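The next block is coords.cif, given as mmCIF, C-alpha atoms.
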data_structure
#
loop_
_atom_site.label_atom_id
_atom_site.label_comp_id
_atom_site.auth_asym_id
_atom_site.auth_seq_id
_atom_site.Cartn_x
_atom_site.Cartn_y
_atom_site.Cartn_z
CA MET A 246 0.71 12.24 -25.83
CA PRO A 247 -1.43 13.28 -22.82
CA SER A 248 -1.60 10.42 -20.32
CA LEU A 249 -2.76 9.23 -16.93
CA ILE A 250 0.46 9.06 -14.91
CA LEU A 251 0.59 6.84 -11.81
CA PHE A 252 2.85 8.55 -9.26
CA PRO A 253 4.22 6.50 -6.35
CA VAL A 254 4.83 8.42 -3.14
CA PRO A 255 7.29 7.73 -0.29
CA ILE A 256 6.31 5.26 2.42
CA GLY A 257 8.62 6.55 5.12
CA ALA A 258 12.09 7.69 4.09
CA ASP A 259 12.78 11.39 4.60
CA ASP A 260 15.29 11.41 1.74
CA ILE A 261 13.20 11.42 -1.43
CA ASN A 262 16.08 9.85 -3.37
CA VAL A 263 15.64 6.64 -1.35
CA SER A 264 12.14 6.19 -2.72
CA LEU A 265 11.74 7.82 -6.11
CA PRO A 266 13.79 8.24 -9.31
CA ALA A 267 14.44 11.77 -10.54
CA TYR A 268 12.44 10.94 -13.69
CA ASN A 269 9.27 10.70 -11.59
CA ARG A 270 9.77 14.24 -10.43
CA GLU A 271 10.28 15.46 -13.98
CA LEU A 272 6.94 13.98 -15.03
CA LEU A 273 5.29 15.28 -11.87
CA ASN A 274 5.87 18.83 -13.07
CA THR A 275 3.94 18.16 -16.29
CA CYS A 276 0.68 17.84 -14.33
CA ARG A 277 -1.75 20.43 -13.03
CA THR A 278 -4.53 17.95 -12.22
CA PHE A 279 -4.21 15.23 -9.59
CA ILE A 280 -6.50 12.43 -8.42
CA VAL A 281 -5.78 11.78 -4.74
CA GLU A 282 -7.20 10.14 -1.63
CA ASP A 283 -6.81 13.22 0.55
CA VAL A 284 -5.96 16.70 -0.71
CA ARG A 285 -4.01 17.78 2.37
CA THR A 286 -1.79 14.68 2.31
CA ALA A 287 -1.36 14.99 -1.44
CA ARG A 288 -0.15 18.58 -1.18
CA ARG A 289 2.33 17.56 1.50
CA ASN A 290 3.66 14.71 -0.66
CA LEU A 291 3.88 16.91 -3.74
CA LYS A 292 5.96 19.40 -1.79
CA ARG A 293 8.28 16.61 -0.59
CA MET A 294 8.58 15.28 -4.13
CA GLY A 295 9.71 18.64 -5.50
CA TYR A 296 6.59 19.83 -7.30
CA THR A 297 7.17 23.36 -8.58
CA ALA A 298 5.11 23.58 -11.78
CA ALA A 299 2.32 25.68 -10.28
CA PRO A 300 1.01 26.98 -6.94
CA PHE A 301 -1.33 24.44 -5.38
CA ASP A 302 -4.19 26.94 -5.59
CA ASP A 303 -3.78 26.83 -9.38
CA CYS A 304 -3.94 23.02 -9.46
CA THR A 305 -7.05 20.85 -9.57
CA PHE A 306 -7.40 18.04 -7.02
CA TYR A 307 -10.05 15.36 -7.36
CA GLU A 308 -10.64 13.10 -4.36
CA LEU A 309 -10.87 9.33 -4.76
CA ASN A 310 -11.39 7.38 -1.54
CA GLU A 311 -13.87 5.07 0.18
CA HIS A 312 -16.51 7.83 0.13
CA THR A 313 -16.25 8.49 -3.62
CA ARG A 314 -19.05 7.15 -5.79
CA PRO A 315 -18.10 5.93 -9.28
CA GLU A 316 -20.50 8.43 -10.82
CA ASP A 317 -18.60 11.24 -9.09
CA THR A 318 -15.46 10.43 -11.10
CA ILE A 319 -16.84 10.72 -14.64
CA HIS A 320 -15.04 14.01 -15.34
CA TYR A 321 -11.75 13.20 -13.59
CA LEU A 322 -10.02 12.28 -16.85
CA ASP A 323 -11.45 15.12 -18.95
CA PRO A 324 -8.20 17.15 -18.92
CA ILE A 325 -6.53 14.39 -20.94
CA SER A 326 -8.94 14.95 -23.84
CA GLN A 327 -7.96 18.63 -23.59
CA GLY A 328 -4.26 17.81 -24.03
CA CYS A 329 -3.16 17.74 -20.38
CA ASN A 330 -1.61 14.99 -18.26
CA VAL A 331 -3.43 13.82 -15.12
CA GLY A 332 -1.57 12.41 -12.13
CA LEU A 333 -2.94 9.65 -9.89
CA MET A 334 -1.38 9.40 -6.42
CA SER A 335 -1.73 7.02 -3.50
CA GLU A 336 -1.56 8.02 0.15
CA ALA A 337 1.64 5.97 0.42
CA GLY A 338 3.42 3.65 -1.97
CA LEU A 339 2.07 2.57 -5.33
CA PRO A 340 -1.20 3.79 -6.84
CA CYS A 341 -3.80 1.01 -7.32
CA ILE A 342 -1.97 -1.44 -5.01
CA ALA A 343 -3.95 -1.68 -1.76
CA ASP A 344 -5.40 1.60 -3.02
CA PRO A 345 -8.68 2.62 -4.72
CA GLY A 346 -6.98 4.04 -7.83
CA ASN A 347 -7.93 1.06 -9.99
CA LEU A 348 -11.35 2.70 -10.48
CA ILE A 349 -9.59 5.39 -12.51
CA THR A 350 -7.17 3.13 -14.37
CA ALA A 351 -10.10 0.90 -15.37
CA GLU A 352 -11.89 3.92 -16.82
CA ALA A 353 -8.71 5.02 -18.60
CA GLN A 354 -8.44 1.55 -20.13
CA ARG A 355 -12.05 1.75 -21.31
CA GLN A 356 -11.37 5.13 -22.93
CA GLY A 357 -8.13 4.00 -24.57
CA ILE A 358 -6.09 6.53 -22.59
CA ASP A 359 -2.34 5.96 -22.29
CA ILE A 360 -1.33 5.02 -18.75
CA ILE A 361 2.21 5.52 -17.45
CA PRO A 362 3.00 3.50 -14.27
CA LEU A 363 6.16 4.73 -12.54
CA VAL A 364 8.72 2.97 -10.37
CA GLY A 365 8.39 3.50 -6.61
CA PRO A 366 8.19 1.84 -3.20
CA SER A 367 5.65 -0.79 -2.18
CA SER A 368 5.68 -2.05 1.40
CA ILE A 369 4.02 -5.24 0.17
CA MET A 370 6.76 -5.99 -2.36
CA LEU A 371 9.64 -4.85 -0.14
CA SER A 372 8.50 -7.09 2.70
CA LEU A 373 8.04 -10.07 0.38
CA MET A 374 11.50 -9.54 -1.10
CA ALA A 375 13.15 -9.66 2.34
CA SER A 376 10.99 -12.36 3.96
CA GLY A 377 12.59 -15.45 2.45
CA PHE A 378 9.11 -16.63 1.42
CA ASN A 379 7.74 -17.76 -1.94
CA GLY A 380 7.76 -14.79 -4.31
CA GLN A 381 6.32 -16.74 -7.24
CA ASN A 382 2.99 -17.56 -5.61
CA PHE A 383 1.58 -15.09 -3.11
CA ALA A 384 -1.63 -13.30 -2.17
CA PHE A 385 -2.21 -9.90 -0.61
CA LEU A 386 -5.32 -10.08 1.54
CA GLY A 387 -5.79 -6.63 3.02
CA TYR A 388 -7.05 -6.56 6.61
CA PRO A 389 -8.12 -9.58 8.68
CA PRO A 390 -11.66 -9.53 10.11
CA ILE A 391 -12.10 -7.76 13.43
CA ASP A 392 -14.68 -10.19 14.82
CA GLY A 393 -12.93 -12.90 16.84
CA ALA A 394 -14.69 -15.92 15.34
CA GLN A 395 -14.38 -14.59 11.80
CA ARG A 396 -10.72 -13.77 12.35
CA SER A 397 -10.01 -17.26 13.63
CA ALA A 398 -11.69 -18.86 10.61
CA TRP A 399 -9.88 -16.45 8.25
CA ILE A 400 -6.45 -17.25 9.69
CA LYS A 401 -7.09 -21.00 9.49
CA LYS A 402 -8.15 -20.58 5.86
CA ILE A 403 -5.06 -18.65 4.81
CA GLU A 404 -2.76 -21.04 6.67
CA THR A 405 -4.36 -23.87 4.71
CA SER A 406 -3.48 -22.00 1.51
CA VAL A 407 0.14 -21.80 2.64
CA TYR A 408 0.48 -25.58 2.94
CA ARG A 409 -1.89 -26.64 0.17
CA ASP A 410 -0.69 -24.19 -2.50
CA SER A 411 2.79 -23.19 -1.28
CA GLN A 412 1.41 -19.66 -1.33
CA THR A 413 2.78 -16.79 0.75
CA GLN A 414 -0.02 -14.92 2.53
CA ILE A 415 0.45 -11.16 3.04
CA PHE A 416 -1.79 -8.87 5.10
CA ILE A 417 -1.86 -5.71 7.17
CA GLU A 418 -3.58 -4.48 10.32
CA ALA A 419 -4.53 -1.13 11.81
CA PRO A 420 -1.28 -0.06 13.52
CA TYR A 421 -2.84 0.11 16.99
CA ARG A 422 -3.84 -3.57 16.68
CA ASN A 423 -0.46 -4.84 15.42
CA ASP A 424 0.78 -6.22 18.74
CA LYS A 425 -2.44 -8.15 19.38
CA LEU A 426 -2.40 -9.60 15.89
CA LEU A 427 1.18 -10.83 16.17
CA ASP A 428 0.46 -12.41 19.54
CA TYR A 429 -2.65 -14.12 18.11
CA LEU A 430 -0.72 -15.45 15.11
CA ALA A 431 2.10 -16.74 17.30
CA ARG A 432 -0.32 -18.61 19.53
CA ASN A 433 -2.72 -19.96 16.92
CA LEU A 434 -0.74 -20.82 13.81
CA GLN A 435 1.01 -24.16 13.63
CA PRO A 436 4.24 -23.90 15.65
CA THR A 437 6.44 -24.33 12.58
CA THR A 438 4.52 -21.92 10.32
CA ARG A 439 6.83 -18.98 9.74
CA ILE A 440 5.80 -15.38 10.29
CA CYS A 441 7.64 -12.41 8.82
CA VAL A 442 7.06 -8.98 10.32
CA ALA A 443 8.19 -5.98 8.27
CA CYS A 444 7.85 -2.63 10.03
CA ASP A 445 8.88 0.98 9.30
CA LEU A 446 10.12 0.10 5.84
CA THR A 447 12.66 2.55 4.33
CA LEU A 448 13.07 4.30 7.70
CA PRO A 449 16.19 4.12 9.92
CA SER A 450 14.04 2.10 12.37
CA GLN A 451 13.24 -0.53 9.70
CA TYR A 452 12.62 -3.99 11.15
CA ILE A 453 12.24 -7.14 9.00
CA HIS A 454 12.47 -10.53 10.71
CA THR A 455 11.20 -14.04 10.01
CA ARG A 456 10.68 -16.65 12.73
CA ALA A 457 8.63 -19.77 13.40
CA ALA A 458 5.28 -18.83 14.94
CA ARG A 459 5.96 -19.85 18.55
CA LYS A 460 9.31 -18.07 18.63
CA TRP A 461 7.51 -14.74 18.28
CA LEU A 462 6.18 -15.21 21.82
CA THR A 463 9.66 -14.53 23.17
CA ASN A 464 10.78 -10.87 23.04
CA PRO A 465 8.28 -9.73 20.42
CA PRO A 466 8.87 -6.31 18.84
CA GLN A 467 6.79 -3.31 19.88
CA LEU A 468 4.66 -2.63 16.82
CA HIS A 469 1.99 -0.41 18.34
CA LYS A 470 1.17 2.49 15.99
CA HIS A 471 3.95 1.52 13.55
CA PRO A 472 3.08 0.65 9.93
CA ALA A 473 3.71 -3.07 9.52
CA ILE A 474 3.22 -5.89 7.02
CA PHE A 475 2.62 -9.49 8.12
CA LEU A 476 3.50 -12.50 5.98
CA ILE A 477 3.10 -16.20 6.69
CA TYR A 478 4.59 -19.20 4.94
CA MET A 479 5.60 -22.76 5.73
#
For this file, produce the structure as structure tokens.
Amino acid sequence: MPSLILFPVPIGADDINVSLPAYNRELLNTCRTFIVEDVRTARRNLKRMGYTAAPFDDCTFYELNEHTRPEDTIHYLDPISQGCNVGLMSEAGLPCIADPGNLITAEAQRQGIDIIPLVGPSSIMLSLMASGFNGQNFAFLGYPPIDGAQRSAWIKKIETSVYRDSQTQIFIEAPYRNDKLLDYLARNLQPTTRICVACDLTLPSQYIHTRAARKWLTNPPQLHKHPAIFLIYM
């Protein structure tokens, strides 16, 4: 039955077998239409993932990103009614997780379209797995505020959630601000609140360490321009 297929993409590893099962690549070659954040990145990922079903010029790419209006997407799923699969891809990792793809899956649900989510890497889940923190109660929060006062209030609020609800707090930052964020956390969280930093996941340079907040002030890692996940817990 024609379906919306949610294709994970690699988050770092050069060897595609580290990130994706062969079955994903089999299904990939059943699609000629893809919903993507950026066409250039999508073509590069499709090439890495072994897409051979058609030349890219014969494929249809629909963009879905922060500039896309909901009304622009009304025809994105039309090929399914015509008997064709449609693939939804993230820029990195899992579609719809820290990704705008839920706009499409919500519409597919409304239309009663079959949705096939596939196994693949998620930096959020991989970092939580390795952190030693509570994996039964956690929240992913996206980016902290940039404004200093708002950021301070935000961090105090999520630290309260850690101790009140035993809830792991997970967030990310623009890579060029990673070092400043880690330093701020180390200086402003309670000394015994633990911070996990997970960087370059699935790459040979992978770094995943958990320490009490103040201990990060000594020999902190160099995170500038590296993709990283931050987690805090008691």
Minimum-distance residue to A:Thr447, chosen among A:Leu265, A:Ala394, A:Ala298, A:Leu434 (using all atoms listed in the file):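 Distance minimum relative to A:Thr447 lands on A:Leu265.
The list of residues with at least one atom within 9 Å of A:Leu468, based on all atoms listed in the file and without residues fewer than 4 positions apart in the same chain, reads Pro420, Tyr421, Arg422, Asn423, Asp424, Leu427, Cys444, Pro472 and Ala473 of chain A.
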Exactly which residues make up the result of the PyMOL selection byres ((chain A and resi 415) around 12) on this file, given as a PyMOL selection string? chain A and resi 343+368-374+376+378-380+382-389+400+403-404+406-407+412-414+416-418+440-443+473-478
Would you translate the PyMOL selection byres ((chain A and resi 281) around 12) into the concrete set of residues it matches in this file, as a PDB file with C-alpha atoms, in the frame of the given file?
ATOM      1  CA  LEU A 251       0.590   6.840 -11.810  1.00  0.00           C
ATOM      2  CA  PHE A 252       2.850   8.550  -9.260  1.00  0.00           C
ATOM      3  CA  PRO A 253       4.220   6.500  -6.350  1.00  0.00           C
ATOM      4  CA  VAL A 254       4.830   8.420  -3.140  1.00  0.00           C
ATOM      5  CA  THR A 278      -4.530  17.950 -12.220  1.00  0.00           C
ATOM      6  CA  PHE A 279      -4.210  15.230  -9.590  1.00  0.00           C
ATOM      7  CA  ILE A 280      -6.500  12.430  -8.420  1.00  0.00           C
ATOM      8  CA  GLU A 282      -7.200  10.140  -1.630  1.00  0.00           C
ATOM      9  CA  ASP A 283      -6.810  13.220   0.550  1.00  0.00           C
ATOM     10  CA  VAL A 284      -5.960  16.700  -0.710  1.00  0.00           C
ATOM     11  CA  ARG A 285      -4.010  17.780   2.370  1.00  0.00           C
ATOM     12  CA  THR A 286      -1.790  14.680   2.310  1.00  0.00           C
ATOM     13  CA  ALA A 287      -1.360  14.990  -1.440  1.00  0.00           C
ATOM     14  CA  ARG A 288      -0.150  18.580  -1.180  1.00  0.00           C
ATOM     15  CA  ARG A 289       2.330  17.560   1.500  1.00  0.00           C
ATOM     16  CA  ASN A 290       3.660  14.710  -0.660  1.00  0.00           C
ATOM     17  CA  LEU A 291       3.880  16.910  -3.740  1.00  0.00           C
ATOM     18  CA  THR A 305      -7.050  20.850  -9.570  1.00  0.00           C
ATOM     19  CA  PHE A 306      -7.400  18.040  -7.020  1.00  0.00           C
ATOM     20  CA  TYR A 307     -10.050  15.360  -7.360  1.00  0.00           C
ATOM     21  CA  GLU A 308     -10.640  13.100  -4.360  1.00  0.00           C
ATOM     22  CA  LEU A 309     -10.870   9.330  -4.760  1.00  0.00           C
ATOM     23  CA  ASN A 310     -11.390   7.380  -1.540  1.00  0.00           C
ATOM     24  CA  GLU A 311     -13.870   5.070   0.180  1.00  0.00           C
ATOM     25  CA  THR A 313     -16.250   8.490  -3.620  1.00  0.00           C
ATOM     26  CA  THR A 318     -15.460  10.430 -11.100  1.00  0.00           C
ATOM     27  CA  TYR A 321     -11.750  13.200 -13.590  1.00  0.00           C
ATOM     28  CA  VAL A 331      -3.430  13.820 -15.120  1.00  0.00           C
ATOM     29  CA  GLY A 332      -1.570  12.410 -12.130  1.00  0.00           C
ATOM     30  CA  LEU A 333      -2.940   9.650  -9.890  1.00  0.00           C
ATOM     31  CA  MET A 334      -1.380   9.400  -6.420  1.00  0.00           C
ATOM     32  CA  SER A 335      -1.730   7.020  -3.500  1.00  0.00           C
ATOM     33  CA  GLU A 336      -1.560   8.020   0.150  1.00  0.00           C
ATOM     34  CA  ALA A 337       1.640   5.970   0.420  1.00  0.00           C
ATOM     35  CA  PRO A 340      -1.200   3.790  -6.840  1.00  0.00           C
ATOM     36  CA  CYS A 341      -3.800   1.010  -7.320  1.00  0.00           C
ATOM     37  CA  ASP A 344      -5.400   1.600  -3.020  1.00  0.00           C
ATOM     38  CA  PRO A 345      -8.680   2.620  -4.720  1.00  0.00           C
ATOM     39  CA  GLY A 346      -6.980   4.040  -7.830  1.00  0.00           C
ATOM     40  CA  ILE A 349      -9.590   5.390 -12.510  1.00  0.00           C
TER      41      ILE A 349
END
On this structure, the PyMOL selection byres ((chain A and resi 449) around 12) would catch which residues? List them as a list of chain:residue names, sorted by chain and number.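 What the PyMOL selection byres ((chain A and resi 449) around 12) grabs from the file is A:Gly257, A:Ala258, A:Asp259, A:Asp260, A:Val263, A:Cys444, A:Asp445, A:Leu446, A:Thr447, A:Leu448, A:Ser450, A:Gln451, A:Tyr452, A:Ile453.
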To one decimal in Å, tell me the separation between atom CA of A:Met246 and atom CA of A:Ala351.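 Interatomic distance here is 18.8 Å.
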Please compute the atom CA of A:Ala398-atom CA of A:Ala431 distance, one decimal, in Å.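 Atom CA of A:Ala431 lies 15.5 Å from atom CA of A:Ala398.
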What does the distance between atom CA of A:Ser411 and atom CA of A:Lys425 come to in Å, to one decimal place?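 These two atoms are separated by 26.1 Å.
Counting only C-alpha atoms and comparing A:Cys304, A:Asn433, A:Ser248, A:Ser264, the residue that lies closest to A:Leu339 is A:Ser264.
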Which residue out of A:Thr275, A:Leu462, A:Leu322, A:Ile261 has the minimum interatomic distance to A:Arg355 when only C-alpha atoms are used? A:Leu322
Selection near A:Gln327, 9 Å with all atoms listed in the file, sequence-local residues under 3 positions removed, as a list of chain:residue names: A:Pro247, A:Asp323, A:Pro324
Check the smallest atom-to-atom distance from each of A:Ile358, A:Leu430, A:Leu348, A:Cys276 to A:Glu316 using all atoms listed in the file, then report the winner.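 When distances to A:Glu316 are compared using all atoms listed in the file, the smallest one comes from A:Leu348.
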Quick one: axis-aligned box around all listed atoms of stretch 339-358 of chain A, 3 Å on every side, centre and edge lengths in Å to one decimal, written as AutoDock Vina command-line options.
--center_x -5.0 --center_y 2.4 --center_z -13.2 --size_x 20.1 --size_y 14.2 --size_z 28.8
Would you tabulate, counting only C-alpha atoms, all residues of stretch 271-326 of chain A that have an atom at most 12 Å from an atom of stretch 359-367 of chain A, showing the closest pair of atoms and their distance in Å to one decimal, sorted by chain then ascending number, as a Markdown table?
| residue | atom | partner | partner_atom | distance |
| --- | --- | --- | --- | --- |
| A:Glu271 | CA | A:Leu363 | CA | 11.6 |
| A:Leu272 | CA | A:Leu363 | CA | 9.6 |
| A:Leu273 | CA | A:Leu363 | CA | 10.6 |
| A:Leu322 | CA | A:Asp359 | CA | 11.3 |
| A:Ile325 | CA | A:Asp359 | CA | 9.5 |
| A:Ser326 | CA | A:Asp359 | CA | 11.3 |
Could you pull the residues within 12 Å of A:Lys460, counting all atoms listed in the file, minus those fewer than 3 positions along the same chain, as a list in words? Leu427, Asp428, Leu430, Ala431, Arg432, Leu434, Gln435, Pro436, Thr437, Thr438, Arg439, Ile440, Cys441, His454, Thr455, Arg456, Ala457, Thr463, Asn464, Pro465 and Pro466 of chain A
